[in-house]
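Student: Encoded as structure tokens, here's the structure I'll be asking about.
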Amino acid sequence: MKFASEHKAFWDACNKNYPDQMGPSGFGGQLFGSRTLAGIHAVLNADHSDRFAKPSDRNWMSSIYPFIADQRFTKIGALAMTYKGLVIYKTPFDLALYPRLIWELQPRTILELGSAQGGSGLWFADKMSVLCEKLGEVHSFDLYSKIVHERARKHPLLTFHQIDLSDVTNFDKDMLISLPHPWLVIDDAHVQIFSVFSYLNDFLVSGDYYVIEDNPVHANREFIDGFQLIEQAGFLIDTYYTDAFGTNVTCASNAWLRKS
Ligand SMILES: C[S@@+](CC[C@H](N)C(=O)[O-])C[C@H]1O[C@@H](n2cnc3c(N)ncnc32)[C@H](O)[C@@H]1O
């Protein structure tokens, strides 16, 4: 599995070049400590065969809910994050996970639903420009697009669209058809989530990702039915992302979804 192999390459190089430094008293032990070394060992030997899970096989629980935890324990936290001086409503966990997915997926198109000030779109466009071998496009959609800051509008990979997502027929179908794959779709608008998903799913192909942010801590009827629809549409939860820092320690509980 690719995850372990990247780490393995680093540790193989350490072992090959500095074999006598790799014990607890060498630089390996000094840098990481024996408990951390045990954790690294677990990373190297992790079994990822159960990485992709059906929504119906998962509990709707989270080890912590990052936005609430930050409010309670750090006073400012995730809701006060900025990027290049613009508001970005992402948790530190998700800011760590998206670059990993962008590197792994190499998306040619990122669709963001919900632009706010444009800080997150700008962040995605910057990430794409440094992480993707072939540059693609970021399209960010919002009804209140006048709020988008000029600094975000200047990014060459990033385009903002004004659209009311409460009616999916407002999407420009011809544009969607023309956008190259793989796609990474991030729904951060929270408007008609499952209608928008069903509509966009017709344009998605196998291997594309769909992330639904800020879903409820406890699943309600709408989400139970919605995730049934998602499962029927052939999507699996990528638990590498949902559970990287603990079960569903992400703002997108059970909702880093890969189309089979
Ligand atoms: C949580 S914010 C987006 C945050 C942003 N993606 C970020 O990470 O910083 C949700 C956005 O959805 C937009 N929104 C609300 N209703 C909408 C609608 N009917 N159509 C399109 N966008 C809408 C709001 O204007 C708001 O900017």
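As shown in the structure tokens, the chain order sets the letters A, B, ...; within each chain, residues go from 1, and ligands are also counted from 1 in the order they appear.
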Kindly compile the residues surrounding ligand 1 within 7 Å, counting only C-alpha atoms and all ligand atoms, and format them as a PyMOL selection string.
Tutor: chain A and resi 87-90+112-120+141-144+163-166+188-191
Student: Restricting the output to C-alpha atoms, write the selected residues as a PDB file, in the first residue's frame.
Tutor:
ATOM      1  CA  VAL A  87     -11.040  33.258   6.324  1.00  0.00           C
ATOM      2  CA  ILE A  88     -10.789  29.488   5.874  1.00  0.00           C
ATOM      3  CA  TYR A  89     -13.331  27.390   7.744  1.00  0.00           C
ATOM      4  CA  LYS A  90     -11.379  24.170   7.912  1.00  0.00           C
ATOM      5  CA  GLU A 112     -15.830  23.488  -4.053  1.00  0.00           C
ATOM      6  CA  LEU A 113     -19.426  24.177  -3.077  1.00  0.00           C
ATOM      7  CA  GLY A 114     -19.442  27.148  -0.700  1.00  0.00           C
ATOM      8  CA  SER A 115     -16.751  29.780  -1.261  1.00  0.00           C
ATOM      9  CA  ALA A 116     -17.221  32.120   1.736  1.00  0.00           C
ATOM     10  CA  GLN A 117     -14.373  34.671   1.447  1.00  0.00           C
ATOM     11  CA  GLY A 118     -12.466  32.560  -1.077  1.00  0.00           C
ATOM     12  CA  GLY A 119      -9.738  31.548   1.393  1.00  0.00           C
ATOM     13  CA  SER A 120     -10.432  27.827   1.049  1.00  0.00           C
ATOM     14  CA  PHE A 141     -19.540  28.004  -6.190  1.00  0.00           C
ATOM     15  CA  ASP A 142     -21.544  30.286  -3.918  1.00  0.00           C
ATOM     16  CA  LEU A 143     -24.761  32.248  -3.982  1.00  0.00           C
ATOM     17  CA  TYR A 144     -23.190  35.204  -2.177  1.00  0.00           C
ATOM     18  CA  ILE A 163     -25.048  29.961  -8.238  1.00  0.00           C
ATOM     19  CA  ASP A 164     -27.995  29.108  -6.025  1.00  0.00           C
ATOM     20  CA  LEU A 165     -27.337  25.490  -5.087  1.00  0.00           C
ATOM     21  CA  SER A 166     -30.879  24.985  -3.851  1.00  0.00           C
ATOM     22  CA  ASP A 188     -19.180  22.845   2.103  1.00  0.00           C
ATOM     23  CA  ALA A 189     -22.384  24.728   1.271  1.00  0.00           C
ATOM     24  CA  HIS A 190     -24.823  22.505   3.198  1.00  0.00           C
ATOM     25  CA  VAL A 191     -27.645  23.197   0.764  1.00  0.00           C
TER      26      VAL A 191
END
Student: Determine which residues of region 116-241 of chain A receive a DSSP assignment of helix (DSSP H, G or I), computed from the backbone, and state them as a ChimeraX atom specification.
Tutor: /A:119-131,145-147,150-153,168-170,173-178,193-201,221-232,239-241
Student: Please write the residues from the selection above to a file, keeping N, CA and C atoms, as a compact mmCIF listing (two decimals), in the first residue's frame.
Tutor:
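File again-v7.txt, as written:
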# COMPACT_ATOMS: atom_id res chain seq x y z
N GLY A 119 -10.99 32.03 0.79
CA GLY A 119 -9.74 31.55 1.39
C GLY A 119 -9.52 30.06 1.15
N SER A 120 -10.59 29.28 1.24
CA SER A 120 -10.43 27.83 1.05
C SER A 120 -10.18 27.52 -0.43
N GLY A 121 -10.86 28.22 -1.32
CA GLY A 121 -10.61 28.02 -2.76
C GLY A 121 -9.17 28.36 -3.11
N LEU A 122 -8.69 29.47 -2.52
CA LEU A 122 -7.30 29.88 -2.77
C LEU A 122 -6.33 28.82 -2.24
N TRP A 123 -6.65 28.26 -1.08
CA TRP A 123 -5.82 27.22 -0.48
C TRP A 123 -5.81 25.98 -1.38
N PHE A 124 -6.99 25.58 -1.88
CA PHE A 124 -7.04 24.41 -2.77
C PHE A 124 -6.25 24.68 -4.06
N ALA A 125 -6.37 25.89 -4.58
CA ALA A 125 -5.66 26.21 -5.83
C ALA A 125 -4.14 26.19 -5.60
N ASP A 126 -3.71 26.75 -4.47
CA ASP A 126 -2.27 26.71 -4.15
C ASP A 126 -1.80 25.27 -3.98
N LYS A 127 -2.61 24.47 -3.27
CA LYS A 127 -2.23 23.07 -3.06
C LYS A 127 -2.13 22.36 -4.41
N MET A 128 -3.11 22.60 -5.26
CA MET A 128 -3.08 21.94 -6.57
C MET A 128 -1.81 22.36 -7.33
N SER A 129 -1.46 23.64 -7.23
CA SER A 129 -0.33 24.10 -8.04
C SER A 129 1.00 23.51 -7.55
N VAL A 130 1.09 23.14 -6.29
CA VAL A 130 2.37 22.54 -5.84
C VAL A 130 2.33 21.01 -5.77
N LEU A 131 1.14 20.43 -5.69
CA LEU A 131 1.07 18.98 -5.46
C LEU A 131 0.72 18.17 -6.72
N SER A 145 -21.49 35.42 -3.87
CA SER A 145 -20.11 35.46 -4.33
C SER A 145 -19.49 36.85 -4.29
N LYS A 146 -20.30 37.88 -3.97
CA LYS A 146 -19.70 39.22 -3.86
C LYS A 146 -18.77 39.30 -2.65
N ILE A 147 -18.90 38.34 -1.72
CA ILE A 147 -18.05 38.35 -0.52
C ILE A 147 -16.64 37.88 -0.83
N GLU A 150 -10.77 39.87 -3.50
CA GLU A 150 -10.01 40.06 -4.74
C GLU A 150 -8.77 39.17 -4.81
N ARG A 151 -8.12 39.00 -3.66
CA ARG A 151 -6.86 38.23 -3.62
C ARG A 151 -7.11 36.80 -4.10
N ALA A 152 -8.26 36.26 -3.75
CA ALA A 152 -8.58 34.90 -4.18
C ALA A 152 -8.92 34.88 -5.67
N ARG A 153 -9.56 35.92 -6.14
CA ARG A 153 -9.99 35.95 -7.54
C ARG A 153 -8.81 35.99 -8.50
N VAL A 168 -30.48 22.41 -8.48
CA VAL A 168 -29.33 21.85 -9.19
C VAL A 168 -29.32 22.19 -10.68
N THR A 169 -30.47 22.55 -11.22
CA THR A 169 -30.48 22.88 -12.65
C THR A 169 -29.72 24.20 -12.91
N ASN A 170 -29.33 24.87 -11.83
CA ASN A 170 -28.54 26.10 -12.01
C ASN A 170 -27.09 25.80 -12.42
N LYS A 173 -24.25 22.66 -17.09
CA LYS A 173 -24.01 21.27 -17.46
C LYS A 173 -22.84 21.13 -18.46
N ASP A 174 -22.80 22.02 -19.43
CA ASP A 174 -21.74 21.92 -20.45
C ASP A 174 -20.37 22.10 -19.82
N MET A 175 -20.30 23.01 -18.84
CA MET A 175 -19.01 23.20 -18.17
C MET A 175 -18.62 21.93 -17.42
N LEU A 176 -19.59 21.35 -16.69
CA LEU A 176 -19.28 20.14 -15.91
C LEU A 176 -18.78 19.03 -16.82
N ILE A 177 -19.44 18.84 -17.95
CA ILE A 177 -19.05 17.77 -18.88
C ILE A 177 -17.61 17.99 -19.36
N SER A 178 -17.23 19.26 -19.48
CA SER A 178 -15.92 19.55 -20.08
C SER A 178 -14.76 19.43 -19.08
N ILE A 193 -27.94 18.87 0.21
CA ILE A 193 -26.72 18.07 0.07
C ILE A 193 -26.91 16.84 -0.84
N PHE A 194 -28.00 16.11 -0.61
CA PHE A 194 -28.13 14.84 -1.33
C PHE A 194 -28.70 15.03 -2.74
N SER A 195 -29.45 16.09 -2.96
CA SER A 195 -29.88 16.40 -4.34
C SER A 195 -28.67 16.82 -5.15
N VAL A 196 -27.82 17.65 -4.54
CA VAL A 196 -26.62 18.10 -5.25
C VAL A 196 -25.71 16.90 -5.52
N PHE A 197 -25.57 16.01 -4.52
CA PHE A 197 -24.76 14.81 -4.71
C PHE A 197 -25.29 13.98 -5.89
N SER A 198 -26.61 13.73 -5.88
CA SER A 198 -27.20 12.90 -6.95
C SER A 198 -26.97 13.53 -8.32
N TYR A 199 -27.10 14.84 -8.36
CA TYR A 199 -26.92 15.52 -9.64
C TYR A 199 -25.46 15.41 -10.11
N LEU A 200 -24.54 15.74 -9.22
CA LEU A 200 -23.12 15.74 -9.63
C LEU A 200 -22.61 14.33 -9.88
N ASN A 201 -23.20 13.35 -9.18
CA ASN A 201 -22.76 11.97 -9.36
C ASN A 201 -22.84 11.53 -10.82
N ARG A 221 -32.40 11.44 10.23
CA ARG A 221 -33.07 10.65 9.18
C ARG A 221 -32.57 11.05 7.79
N GLU A 222 -32.42 12.36 7.60
CA GLU A 222 -31.98 12.85 6.28
C GLU A 222 -30.63 12.22 5.92
N PHE A 223 -29.71 12.16 6.91
CA PHE A 223 -28.38 11.63 6.63
C PHE A 223 -28.38 10.11 6.47
N ILE A 224 -29.22 9.44 7.26
CA ILE A 224 -29.27 7.98 7.12
C ILE A 224 -29.76 7.62 5.71
N ASP A 225 -30.83 8.29 5.28
CA ASP A 225 -31.36 8.04 3.93
C ASP A 225 -30.35 8.49 2.87
N GLY A 226 -29.73 9.63 3.11
CA GLY A 226 -28.77 10.17 2.14
C GLY A 226 -27.57 9.24 1.95
N PHE A 227 -27.09 8.68 3.05
CA PHE A 227 -25.93 7.80 2.94
C PHE A 227 -26.29 6.45 2.31
N GLN A 228 -27.57 6.07 2.44
CA GLN A 228 -28.03 4.88 1.73
C GLN A 228 -27.96 5.13 0.22
N LEU A 229 -28.38 6.32 -0.15
CA LEU A 229 -28.32 6.72 -1.57
C LEU A 229 -26.86 6.71 -2.07
N ILE A 230 -25.97 7.23 -1.22
CA ILE A 230 -24.55 7.29 -1.58
C ILE A 230 -23.99 5.88 -1.78
N GLU A 231 -24.39 4.97 -0.87
CA GLU A 231 -23.90 3.59 -0.97
C GLU A 231 -24.44 2.93 -2.24
N GLN A 232 -25.73 3.17 -2.51
CA GLN A 232 -26.33 2.58 -3.72
C GLN A 232 -25.65 3.12 -4.98
N THR A 239 -11.54 5.27 4.79
CA THR A 239 -11.29 5.43 6.22
C THR A 239 -9.87 5.90 6.51
N TYR A 240 -9.00 5.87 5.49
CA TYR A 240 -7.67 6.46 5.74
C TYR A 240 -7.87 7.93 6.14
N TYR A 241 -8.77 8.60 5.45
CA TYR A 241 -8.98 10.03 5.72
C TYR A 241 -9.92 10.25 6.90
Student: Given the choices A:Asp94, A:Asp187, A:Glu6, A:Asp50, which gets closest to Ala244 (chain A) if the distance is worked out from only C-alpha atoms?
Tutor: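 Closest residue, counting only C-alpha atoms: A:Asp94.
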Student: Region 136-226 of chain A: which residues are strand (DSSP E) by DSSP, as a list in words?
Tutor: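 Filtering region 136-226 of chain A down to strand (DSSP E) leaves Glu137, Val138, His139, Ser140, Phe141, Asp142, Leu158, Thr159, Phe160, His161, Gln162, Trp183, Leu184, Val185, Ile186, Asp187, Tyr209, Tyr210, Val211 and Ile212 of chain A.
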Student: Can you write just those residues out, N, CA and C atoms, as a CSV table (one decimal), in the first residue's frame?
Tutor:
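Written out: selection.csv:
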chain,number,residue,atom,x,y,z
A,137,GLU,N,-7.9,22.6,-12.6
A,137,GLU,CA,-8.7,23.8,-12.3
A,137,GLU,C,-9.5,23.7,-11.0
A,138,VAL,N,-9.7,24.8,-10.3
A,138,VAL,CA,-10.5,24.8,-9.1
A,138,VAL,C,-11.7,25.7,-9.4
A,139,HIS,N,-12.9,25.2,-9.2
A,139,HIS,CA,-14.1,25.9,-9.4
A,139,HIS,C,-14.8,26.0,-8.1
A,140,SER,N,-15.1,27.2,-7.7
A,140,SER,CA,-15.8,27.4,-6.4
A,140,SER,C,-17.1,28.1,-6.6
A,141,PHE,N,-18.2,27.6,-5.9
A,141,PHE,CA,-19.5,28.0,-6.2
A,141,PHE,C,-20.2,28.6,-4.9
A,142,ASP,N,-20.8,29.7,-5.1
A,142,ASP,CA,-21.5,30.3,-3.9
A,142,ASP,C,-22.6,31.2,-4.4
A,158,LEU,N,-8.0,29.3,-10.3
A,158,LEU,CA,-9.3,29.4,-9.5
A,158,LEU,C,-10.3,30.3,-10.2
A,159,THR,N,-11.6,29.7,-10.3
A,159,THR,CA,-12.7,30.5,-10.9
A,159,THR,C,-13.9,30.4,-9.9
A,160,PHE,N,-14.5,31.5,-9.6
A,160,PHE,CA,-15.7,31.6,-8.8
A,160,PHE,C,-16.9,31.7,-9.6
A,161,HIS,N,-17.9,31.0,-9.2
A,161,HIS,CA,-19.2,31.0,-9.9
A,161,HIS,C,-20.3,31.4,-9.0
A,162,GLN,N,-21.2,32.3,-9.4
A,162,GLN,CA,-22.3,32.6,-8.6
A,162,GLN,C,-23.5,31.6,-9.0
A,183,TRP,N,-11.8,14.0,-10.4
A,183,TRP,CA,-12.4,15.2,-9.7
A,183,TRP,C,-12.3,15.0,-8.2
A,184,LEU,N,-12.2,16.1,-7.5
A,184,LEU,CA,-12.4,16.1,-6.0
A,184,LEU,C,-13.5,17.2,-5.8
A,185,VAL,N,-14.6,16.7,-5.3
A,185,VAL,CA,-15.7,17.6,-5.0
A,185,VAL,C,-15.8,17.8,-3.5
A,186,ILE,N,-15.9,19.0,-3.0
A,186,ILE,CA,-16.0,19.3,-1.6
A,186,ILE,C,-17.4,20.0,-1.4
A,187,ASP,N,-18.3,19.4,-0.8
A,187,ASP,CA,-19.6,20.1,-0.5
A,187,ASP,C,-19.4,20.8,0.9
A,209,TYR,N,-13.4,11.6,-6.0
A,209,TYR,CA,-13.8,11.7,-4.6
A,209,TYR,C,-14.8,12.8,-4.4
A,210,TYR,N,-15.6,12.6,-3.3
A,210,TYR,CA,-16.7,13.5,-3.0
A,210,TYR,C,-16.7,13.6,-1.4
A,211,VAL,N,-16.4,14.8,-0.9
A,211,VAL,CA,-16.3,15.0,0.5
A,211,VAL,C,-17.4,15.9,0.9
A,212,ILE,N,-18.1,15.5,1.9
A,212,ILE,CA,-19.3,16.3,2.5
A,212,ILE,C,-18.9,16.8,3.8
Student: My list of candidates is A:Leu111, A:Ala252, A:Ala42, A:Ala80. Which is closest to Pro216 (chain A) when distances are computed with only C-alpha atoms?
Tutor: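 Result for the nearest residue to Pro216 (chain A): A:Ala252.
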Student: Find the residues around region 10-13 of chain A up to 12 Å (only C-alpha atoms counted), leave out those fewer than 5 positions away in its own chain, and share them as an mmCIF file with N, CA and C atoms, in the first residue's frame.
Tutor:
data_model
loop_
_atom_site.group_PDB
_atom_site.id
_atom_site.type_symbol
_atom_site.label_atom_id
_atom_site.label_comp_id
_atom_site.auth_asym_id
_atom_site.auth_seq_id
_atom_site.Cartn_x
_atom_site.Cartn_y
_atom_site.Cartn_z
ATOM 1 N N PHE A 3 0.732 4.196 1.254
ATOM 2 C CA PHE A 3 0.998 4.960 2.479
ATOM 3 C C PHE A 3 2.235 4.444 3.183
ATOM 4 N N ALA A 4 2.254 3.115 3.418
ATOM 5 C CA ALA A 4 3.364 2.535 4.150
ATOM 6 C C ALA A 4 4.630 2.637 3.324
ATOM 7 N N SER A 5 4.524 2.492 2.007
ATOM 8 C CA SER A 5 5.737 2.457 1.190
ATOM 9 C C SER A 5 6.475 3.790 1.234
ATOM 10 N N TYR A 18 22.629 4.503 8.197
ATOM 11 C CA TYR A 18 23.052 4.713 9.589
ATOM 12 C C TYR A 18 22.558 3.562 10.466
ATOM 13 N N PRO A 19 22.947 2.309 10.137
ATOM 14 C CA PRO A 19 22.376 1.164 10.863
ATOM 15 C C PRO A 19 22.632 1.216 12.365
ATOM 16 N N GLN A 21 22.770 3.706 14.212
ATOM 17 C CA GLN A 21 22.075 4.826 14.870
ATOM 18 C C GLN A 21 20.591 4.528 15.106
ATOM 19 N N MET A 22 20.137 3.353 14.677
ATOM 20 C CA MET A 22 18.699 3.121 14.664
ATOM 21 C C MET A 22 18.141 2.518 15.956
ATOM 22 N N GLY A 28 17.722 7.687 15.891
ATOM 23 C CA GLY A 28 16.309 7.285 15.766
ATOM 24 C C GLY A 28 15.614 7.391 17.105
ATOM 25 N N LEU A 37 8.728 5.536 18.305
ATOM 26 C CA LEU A 37 9.269 4.538 17.373
ATOM 27 C C LEU A 37 8.308 3.355 17.239
ATOM 28 N N ILE A 40 5.684 4.438 14.920
ATOM 29 C CA ILE A 40 6.163 4.439 13.530
ATOM 30 C C ILE A 40 6.185 3.005 12.999
ATOM 31 N N HIS A 41 6.573 2.088 13.850
ATOM 32 C CA HIS A 41 6.564 0.679 13.484
ATOM 33 C C HIS A 41 5.143 0.261 13.083
ATOM 34 N N VAL A 43 2.829 2.221 11.896
ATOM 35 C CA VAL A 43 2.518 2.836 10.590
ATOM 36 C C VAL A 43 3.087 1.967 9.472
ATOM 37 N N LEU A 44 4.338 1.534 9.659
ATOM 38 C CA LEU A 44 5.002 0.761 8.606
ATOM 39 C C LEU A 44 4.324 -0.588 8.374
#
Student: Interatomic distance between CA of His48 (chain A) and CA of Cys132 (chain A)?
Tutor: 24.1 Å
Student: Between CA of Cys251 (chain A) and CA of Thr36 (chain A), what is the distance in Å, rounded to a tenth?
Tutor: 26.5 Å
Student: Applying 7 Å and only C-alpha atoms, which residues near Ser260 (chain A) remain after dropping the ones on its own chain fewer than 4 positions away? List them as a PyMOL selection string.
Tutor: chain A and resi 206-207+234-236
Student: I'd like to know which of A:Tyr98, A:Leu179, A:Ile237, A:Leu135 is closest to Asp57 (chain A), using only C-alpha atoms.
Tutor: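 Nearest candidate to Asp57 (chain A) out of A:Tyr98, A:Leu179, A:Ile237, A:Leu135: A:Ile237.
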Student: When you look at Asn248 (chain A) with a cut-off of 7 Å (counting only C-alpha atoms), what residues show up, excluding the ones that are within fewer than 5 positions of it in the same chain? I need them as a PyMOL selection string.
Tutor: chain A and resi 61-63+242-243+253-254
